[in-house]
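Student: Let me begin by handing over the structure; questions about it come next.
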Amino acid sequence: MEITSKITTAVQAVIDELYGVQVPEKMVQLQETRAEFEGQLTLVVFPFLKMSKKAPEATAQEIGDQLVAKVPEVISKFNVIKGFLNLVINPAQWIELLESIQQNPTFGFTPVTEESPLVMIEYSSPNTNKPLHLGHVRNNLLGWALANVMQANGNKVVKTNIVNDRGIHICKSMLAWLKWGNGETPDTSGKKGDHLIGDYYVAFDKHYREEVKELVAQGMDEEQAKQDAPLIKEAHEMLVKWEQNDPEVRALWKKMNEWVYAGFDETYKALGVSFDKIYYESETYLEGKEKVEEGLQKGFFYRREDGSVWADLTKEGLDEKLLLRSDGTSVYMTQDIGTAKLRFQDYPIDKMIYVVGNEQNYHFQVLSILLDKLGFKWGKDLVHFSYGMVELPNGKMKSREGTVVDADDLIATMISDARQMSADKVNKLEGITEEEAQEIARIVGMGALKYFILKVDARKNMLFNPEESIDFNGNTGPFIQYTYARIRSILRKASPSPSQGGVNLAGLKLSLSKDTELSDKEISLIQHLQGFQAAVKQAGADYNPSCIANYCYELVKEYNQFYHDFSVLREEDEKKRLFRIALSAAVSQVIKNGMGLLGIEVPERM
RNA sequence: GCCCCUGUAGUUCAAUGGAUAGAACAACGGUUUCCUAAACCGUCGAUCCGGGUUCGAUUCCCGGCGGGGGUACCA
């Protein structure tokens with residue numbers, strides 16, 4: 001049992017004995033003691049003053065006395081500062097804790113069992129008319145990390161993606177390609193499929209705006225011109241043909257979407273994300289219509305004179321919401337209902353999490369109510385993991401204004417920057433092959449990008465300045481990766497024989513002496529290691545992967561100080577040396593697992 | 001108009017209602033015969049404004065001001 005929870009229980013017992021009150025666990029606030037005071041754990045005694053009817057200092061004193069008397073882990077050197085009781089823990093306890101961490105490769109994780117609830121996480125959900133940009137990158141990284149975090153908290157996780165593969169936007173690209181493409185393909189052009197299609201989407205928009213401009217010049221009202229421009233009319237005709245299953249349009253649609261998927265797959269692979277089940281809007285939107293009709297029959301919704309179908313949510317404090325247009329075609333909401341239906345058929349979902357930007361907050365508020373009405377048991381408690389936008393120094397990213405940060409470009413830049421960075425440090429990695437150097441650059445470059453995004457609280461908007469490249473120093477992914485690589489280097493030297501577990505020390509049993517003398521820094525490190533459990537739990541409870549990033553950073557900072565001030569392999573006292581090797585091994589293991597939750601790899605050397 | 005989110009050093013980010021609000025970047029200064037200096041140490045520097053609740057407020061509540069988003073036939 002970990003130390004903090006042991007002490008918590010002890011405090012509850014002491015309060016009961018002293019004051020005859022059974023306090024809830026939450027009232028026992030144990031925090032890490034600040035560095036300037038002696039001790040490792042601090043009890044905040046203010047909540048107990050009403051029971052003790054004594055001054056903070058006196059209350060702290062008597063609780064401290066009782067703890068020392070009752071709990072062997074607490075030694076007598078406790079001190080009281082105002083309302084804070086600083087406890088000193090028996091060093092042997094820390095060594096025991098370290099051993100248990102080091103021998104448990106899944107330390108901090110709750111195992112998934114047959115009985116675990118099933119959580120489905122939807123993320124990514126791209127449109128197939130343009131390549132992925134930085135906003136998608138944030139979505140994908142968050143979705144992936146969140147899935148890992150949920151699994152680490154003992155949930156069965158199904159990762160899913162709903163691809164928006166139909167609609168007017170696709171028709172625009174198709175039309176432009178027909179008009180100006182000359183049969184160009186990814187192969188003939190050498191372009192990635194999603195970029196090729198994106199270029200035609202841009203081309204459509206360019207010509208379309210020219211047409212509108214001309215019509216306005218001829219005296220037409222701008223709104224009217226936007227509707228009457230020949231190109232947009234043609235695109236609409238194409239959409240109608242698509243819905244009518246026109247073979248030619250469908251064939252073209254299929255071909256172009258395949259190009260896009262091939263492009264997306266490359267980007268997904270580079271990002272290191274994947275899905276267990278992919279849904280396509282073209283296959284779900286009709287299901288949504290059915291479900292809406294069903295709701296209409298049951299009287300949840302109503303039809304207006306023009307034929308459109310609506311949900312009245314004024315009782316819930318919201319507005320009325322359109323579910324089917326007057327021409328019978330479906331809207332965004334209809335599709336989400338249809339997708340939900342299919343998902344529910346496919347999986348016994350206990351909880352559904354949608355990773356979608358915060359501009360959709362209202363949409364998901366409504367969706368939750370509608371799904372609940374339609375009888376989805378998880379509808380009411382669906383989680384909209386609502387993340388903030390990535391902003392550029394000049395504001396939002398806008399495709400039309402050409403201010404998007406392309407995902408593929410960014411990835412390539414990060415990797416080549418990382419390569420450059422390590423090339424500047426020539427003496428370090430001598431003897432490695434070109435492939436190894438490139439692989440390290442990939443790991444480090446992606447680590448920098450991923451950490452940059454994931455360390456920020458997902459709910460908040462974040463800023464990305466393309467002028468300033470993402471850092472490799474300071475509070476960054478490479479900082480953490482570097483610490484890992486240094487530890488692995490130590491471990492290789494400590495135990496060079498593969499049969500001893502030269503590369504993987506996790507399974508190696510180092511028998512540590514309980515009476516090894518420990519420094520404050522070493523105890524503090526063990527304490528930080530223990531904190532991994534809490535970080536994982538909090539990340540799960542709050543749906544907040546940034547907890548893990550912040551945790552890793554704190555741990556690594558602590559270790560780097562230790563590394564600087566103490567020698568591991570050159571320590572002459574064997575007890576201490578073994579202890580420090582074990583401590584380093586445990587830190588590297590927790591770094592690897594923590595970064596793994598974020599989808600960030602760690603290199604053996606860099 | 002109405003609804004939601006948000007406001008912390010020059011900049012980018014932290015802080016379950018707890019001790020003197022932490023980091024990083026930038027700036028300036030220091031550390032290498034020593035396990036990887038992508039490291040370590042130091043200096044400078046911040047809670048938008050006004051009330052309230054509390055032993056204690058960056059955190060919770062109310063009112064301003066600033067920023068972002070949504071708002072019924074776009075997704």
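Naming works like this for the structure tokens: A, B, ... for the chains as they're shown, residue 1 at the start of each chain, ligands 1 onward in shown order.
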May I have the residues of chain B within 8 Å of chain A, counting only C-alpha atoms (C1' of nucleotides), written as an NGL selection string?
Tutor: :B and (4 or 6 or 12-14 or 18-19 or 23-25 or 35-36 or 38-40 or 55 or 69-70 or 72-73 or 75)
Student: Per DSSP on the backbone, filter segment 382-516 of chain A down to the residues in strand (DSSP E or B) and report them as JSON, numbers by chain.
Tutor: {"A": [383, 384, 385, 386, 387, 390, 391, 392, 395, 396, 406, 462, 463]}
Student: As an NGL selection string, please: the residues near Ile591 of chain A (cut-off 10 Å, only C-alpha atoms (C1' of nucleotides), same-chain neighbours under 6 positions excluded).
Tutor: :A and (480-481 or 483-484 or 529 or 532 or 548-549 or 551-553 or 555-556 or 585 or 597 or 601-602)
Student: Store the residues picked out above in a file with N, CA and C atoms, as an mmCIF file, in the first residue's frame.
Tutor:
data_model
loop_
_atom_site.group_PDB
_atom_site.id
_atom_site.type_symbol
_atom_site.label_atom_id
_atom_site.label_comp_id
_atom_site.auth_asym_id
_atom_site.auth_seq_id
_atom_site.Cartn_x
_atom_site.Cartn_y
_atom_site.Cartn_z
ATOM 1 N N ILE A 480 12.483 15.828 -21.791
ATOM 2 C CA ILE A 480 12.115 14.602 -21.086
ATOM 3 C C ILE A 480 12.768 13.394 -21.753
ATOM 4 N N GLN A 481 12.772 13.400 -23.082
ATOM 5 C CA GLN A 481 13.392 12.288 -23.808
ATOM 6 C C GLN A 481 14.886 12.203 -23.512
ATOM 7 N N THR A 483 16.437 13.098 -20.803
ATOM 8 C CA THR A 483 16.643 12.519 -19.477
ATOM 9 C C THR A 483 16.522 11.004 -19.542
ATOM 10 N N TYR A 484 15.549 10.555 -20.306
ATOM 11 C CA TYR A 484 15.367 9.110 -20.461
ATOM 12 C C TYR A 484 16.610 8.491 -21.088
ATOM 13 N N LEU A 529 7.810 9.691 -7.912
ATOM 14 C CA LEU A 529 7.434 8.458 -8.626
ATOM 15 C C LEU A 529 6.054 7.985 -8.171
ATOM 16 N N PHE A 532 2.837 9.301 -9.750
ATOM 17 C CA PHE A 532 2.374 8.904 -11.084
ATOM 18 C C PHE A 532 0.953 8.347 -11.018
ATOM 19 N N ILE A 548 -0.637 14.498 -17.258
ATOM 20 C CA ILE A 548 0.455 13.544 -17.437
ATOM 21 C C ILE A 548 1.706 14.270 -17.917
ATOM 22 N N ALA A 549 1.512 15.207 -18.847
ATOM 23 C CA ALA A 549 2.648 15.960 -19.365
ATOM 24 C C ALA A 549 3.311 16.753 -18.245
ATOM 25 N N TYR A 551 3.145 16.177 -15.104
ATOM 26 C CA TYR A 551 3.747 15.248 -14.156
ATOM 27 C C TYR A 551 5.129 14.816 -14.642
ATOM 28 N N CYS A 552 5.213 14.423 -15.905
ATOM 29 C CA CYS A 552 6.490 13.952 -16.454
ATOM 30 C C CYS A 552 7.553 15.036 -16.337
ATOM 31 N N TYR A 553 7.144 16.252 -16.612
ATOM 32 C CA TYR A 553 8.097 17.356 -16.540
ATOM 33 C C TYR A 553 8.638 17.529 -15.122
ATOM 34 N N LEU A 555 8.783 15.335 -12.722
ATOM 35 C CA LEU A 555 9.616 14.179 -12.376
ATOM 36 C C LEU A 555 11.015 14.325 -12.970
ATOM 37 N N VAL A 556 11.048 14.703 -14.228
ATOM 38 C CA VAL A 556 12.308 14.779 -14.948
ATOM 39 C C VAL A 556 13.185 15.908 -14.415
ATOM 40 N N ALA A 585 16.367 3.449 -12.771
ATOM 41 C CA ALA A 585 15.586 2.521 -13.598
ATOM 42 C C ALA A 585 14.092 2.804 -13.433
ATOM 43 N N LEU A 597 1.609 7.233 -22.579
ATOM 44 C CA LEU A 597 0.198 7.621 -22.497
ATOM 45 C C LEU A 597 -0.079 8.793 -23.431
ATOM 46 N N GLU A 601 7.107 8.699 -28.005
ATOM 47 C CA GLU A 601 8.131 7.674 -27.843
ATOM 48 C C GLU A 601 9.353 8.271 -27.159
ATOM 49 N N VAL A 602 10.167 7.383 -26.573
ATOM 50 C CA VAL A 602 11.415 7.843 -25.956
ATOM 51 C C VAL A 602 12.576 7.071 -26.570
#
Student: Could you state the separation of atom CA of Leu98 of chain A and atom CA of Ala535 of chain A in Å, given to one decimal place?
Tutor: 17.3 Å
Student: My list of candidates is B:C2, B:A46, B:C34, B:C41. Which is closest to G22 of chain B when distances are computed with only C-alpha atoms (C1' of nucleotides)?
Tutor: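 Among B:C2, B:A46, B:C34, B:C41, it is B:A46 that comes nearest to G22 of chain B.
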Student: Could you give me, as a VMD selection string, each residue of segment 240-462 of chain A that DSSP assigns to alpha helix (DSSP H) when run on this structure's backbone?
Tutor: chain A and resid 240 to 243 247 to 271 281 to 297 332 to 346 361 to 373 407 to 423 434 to 454
Student: Can you spit out the residues from that selection as an mmCIF file, in the first residue's frame, using C-alpha atoms?
Tutor:
data_model
loop_
_atom_site.group_PDB
_atom_site.id
_atom_site.type_symbol
_atom_site.label_atom_id
_atom_site.label_comp_id
_atom_site.auth_asym_id
_atom_site.auth_seq_id
_atom_site.Cartn_x
_atom_site.Cartn_y
_atom_site.Cartn_z
ATOM 1 C CA VAL A 240 -28.114 15.759 -56.086
ATOM 2 C CA LYS A 241 -26.740 13.248 -58.559
ATOM 3 C CA TRP A 242 -24.628 11.782 -55.798
ATOM 4 C CA GLU A 243 -27.669 11.307 -53.608
ATOM 5 C CA PRO A 247 -22.888 5.845 -61.337
ATOM 6 C CA GLU A 248 -20.459 8.339 -62.850
ATOM 7 C CA VAL A 249 -20.543 10.735 -59.963
ATOM 8 C CA ARG A 250 -20.258 7.902 -57.475
ATOM 9 C CA ALA A 251 -17.303 6.406 -59.313
ATOM 10 C CA LEU A 252 -15.463 9.704 -59.352
ATOM 11 C CA TRP A 253 -16.338 10.309 -55.703
ATOM 12 C CA LYS A 254 -15.026 6.908 -54.762
ATOM 13 C CA LYS A 255 -11.803 7.336 -56.702
ATOM 14 C CA MET A 256 -11.035 10.750 -55.256
ATOM 15 C CA ASN A 257 -11.873 9.723 -51.718
ATOM 16 C CA GLU A 258 -9.484 6.791 -52.025
ATOM 17 C CA TRP A 259 -6.734 9.244 -52.877
ATOM 18 C CA VAL A 260 -7.550 11.279 -49.830
ATOM 19 C CA TYR A 261 -7.641 8.246 -47.535
ATOM 20 C CA ALA A 262 -4.230 7.152 -48.741
ATOM 21 C CA GLY A 263 -2.958 10.628 -47.867
ATOM 22 C CA PHE A 264 -4.636 10.643 -44.462
ATOM 23 C CA ASP A 265 -3.220 7.229 -43.667
ATOM 24 C CA GLU A 266 0.281 8.577 -44.130
ATOM 25 C CA THR A 267 -0.407 11.488 -41.824
ATOM 26 C CA TYR A 268 -2.045 9.277 -39.218
ATOM 27 C CA LYS A 269 0.905 6.954 -39.347
ATOM 28 C CA ALA A 270 3.331 9.833 -38.865
ATOM 29 C CA LEU A 271 1.271 11.042 -35.925
ATOM 30 C CA GLU A 281 -20.950 9.601 -43.101
ATOM 31 C CA SER A 282 -22.102 8.299 -46.478
ATOM 32 C CA GLU A 283 -23.127 5.122 -44.676
ATOM 33 C CA THR A 284 -24.661 6.697 -41.593
ATOM 34 C CA TYR A 285 -26.658 9.692 -42.790
ATOM 35 C CA LEU A 286 -29.611 7.604 -43.971
ATOM 36 C CA GLU A 287 -29.742 5.862 -40.577
ATOM 37 C CA GLY A 288 -30.099 9.267 -38.994
ATOM 38 C CA LYS A 289 -33.090 10.092 -41.151
ATOM 39 C CA GLU A 290 -34.755 6.874 -40.055
ATOM 40 C CA LYS A 291 -34.097 7.603 -36.420
ATOM 41 C CA VAL A 292 -35.565 11.086 -36.787
ATOM 42 C CA GLU A 293 -38.693 9.638 -38.426
ATOM 43 C CA GLU A 294 -38.942 7.265 -35.482
ATOM 44 C CA GLY A 295 -38.711 10.166 -33.057
ATOM 45 C CA LEU A 296 -41.356 11.938 -35.068
ATOM 46 C CA GLN A 297 -43.728 8.956 -34.730
ATOM 47 C CA TYR A 332 -25.129 17.624 -39.198
ATOM 48 C CA MET A 333 -27.268 16.625 -36.235
ATOM 49 C CA THR A 334 -29.110 13.975 -38.219
ATOM 50 C CA GLN A 335 -25.846 12.352 -39.165
ATOM 51 C CA ASP A 336 -24.608 12.237 -35.603
ATOM 52 C CA ILE A 337 -27.814 10.525 -34.568
ATOM 53 C CA GLY A 338 -27.393 7.972 -37.346
ATOM 54 C CA THR A 339 -23.803 7.318 -36.405
ATOM 55 C CA ALA A 340 -24.815 6.853 -32.793
ATOM 56 C CA LYS A 341 -27.369 4.258 -33.839
ATOM 57 C CA LEU A 342 -24.804 2.203 -35.755
ATOM 58 C CA ARG A 343 -22.289 2.436 -32.972
ATOM 59 C CA PHE A 344 -24.780 1.266 -30.438
ATOM 60 C CA GLN A 345 -25.562 -1.713 -32.653
ATOM 61 C CA ASP A 346 -21.887 -2.543 -32.978
ATOM 62 C CA ASN A 361 -20.359 22.957 -27.514
ATOM 63 C CA TYR A 362 -23.940 23.814 -28.333
ATOM 64 C CA HIS A 363 -24.221 21.008 -30.851
ATOM 65 C CA PHE A 364 -23.266 18.416 -28.265
ATOM 66 C CA GLN A 365 -25.506 19.859 -25.620
ATOM 67 C CA VAL A 366 -28.358 19.308 -28.048
ATOM 68 C CA LEU A 367 -27.121 15.921 -29.230
ATOM 69 C CA SER A 368 -26.997 14.660 -25.660
ATOM 70 C CA ILE A 369 -30.635 15.567 -25.099
ATOM 71 C CA LEU A 370 -31.765 14.124 -28.418
ATOM 72 C CA LEU A 371 -29.931 10.831 -27.946
ATOM 73 C CA ASP A 372 -31.396 10.551 -24.484
ATOM 74 C CA LYS A 373 -34.901 11.076 -25.843
ATOM 75 C CA ALA A 407 0.084 18.940 -40.709
ATOM 76 C CA ASP A 408 2.454 17.186 -43.105
ATOM 77 C CA ASP A 409 4.628 20.272 -43.510
ATOM 78 C CA LEU A 410 4.812 20.772 -39.778
ATOM 79 C CA ILE A 411 5.765 17.152 -39.134
ATOM 80 C CA ALA A 412 8.487 17.274 -41.766
ATOM 81 C CA THR A 413 9.847 20.522 -40.362
ATOM 82 C CA MET A 414 9.942 19.182 -36.821
ATOM 83 C CA ILE A 415 11.838 16.072 -37.860
ATOM 84 C CA SER A 416 14.382 17.945 -39.930
ATOM 85 C CA ASP A 417 14.864 20.497 -37.142
ATOM 86 C CA ALA A 418 15.517 17.643 -34.741
ATOM 87 C CA ARG A 419 17.990 16.159 -37.180
ATOM 88 C CA GLN A 420 19.781 19.482 -37.441
ATOM 89 C CA MET A 421 19.791 19.840 -33.679
ATOM 90 C CA SER A 422 21.545 16.536 -33.136
ATOM 91 C CA ALA A 423 23.939 17.186 -36.004
ATOM 92 C CA GLU A 434 22.071 7.009 -40.994
ATOM 93 C CA GLU A 435 18.860 5.084 -40.337
ATOM 94 C CA GLU A 436 19.344 5.303 -36.581
ATOM 95 C CA ALA A 437 20.031 9.009 -36.774
ATOM 96 C CA GLN A 438 16.879 9.538 -38.815
ATOM 97 C CA GLU A 439 14.822 7.417 -36.431
ATOM 98 C CA ILE A 440 16.076 9.437 -33.468
ATOM 99 C CA ALA A 441 15.235 12.650 -35.301
ATOM 100 C CA ARG A 442 11.743 11.339 -35.943
ATOM 101 C CA ILE A 443 11.208 10.397 -32.303
ATOM 102 C CA VAL A 444 12.595 13.679 -31.007
ATOM 103 C CA GLY A 445 10.892 15.905 -33.577
ATOM 104 C CA MET A 446 7.524 14.261 -33.033
ATOM 105 C CA GLY A 447 8.119 14.324 -29.292
ATOM 106 C CA ALA A 448 8.635 18.076 -29.423
ATOM 107 C CA LEU A 449 5.481 18.607 -31.472
ATOM 108 C CA LYS A 450 3.277 16.301 -29.423
ATOM 109 C CA TYR A 451 4.437 17.582 -26.072
ATOM 110 C CA PHE A 452 4.059 21.180 -27.199
ATOM 111 C CA ILE A 453 0.392 20.511 -27.862
ATOM 112 C CA LEU A 454 -0.421 18.072 -25.071
#
Student: Using only C-alpha atoms (C1' of nucleotides), can you tell me which of B:C5, B:C44, B:A57, B:C62 comes closest to A21 of chain B?
Tutor: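 Of B:C5, B:C44, B:A57, B:C62, the one nearest A21 of chain B, counting only C-alpha atoms (C1' of nucleotides), is B:A57.
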Student: Would you list the contacts of U43 of chain B as a list in words, taking every protein, DNA or RNA residue within 12 Å and counting only C-alpha atoms (C1' of nucleotides), but skipping same-chain residues closer than 3 positions in sequence?
Tutor: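 Non-adjacent residues within range: A27, C28, G29 and G30 of chain B.
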Student: Taking only C-alpha atoms (C1' of nucleotides) into account, which of B:C48, B:C60, B:A37, B:A26 comes nearest G10 of chain B?
Tutor: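 Checking each of B:C48, B:C60, B:A37, B:A26 against G10 of chain B, counting only C-alpha atoms (C1' of nucleotides), the winner is B:A26.
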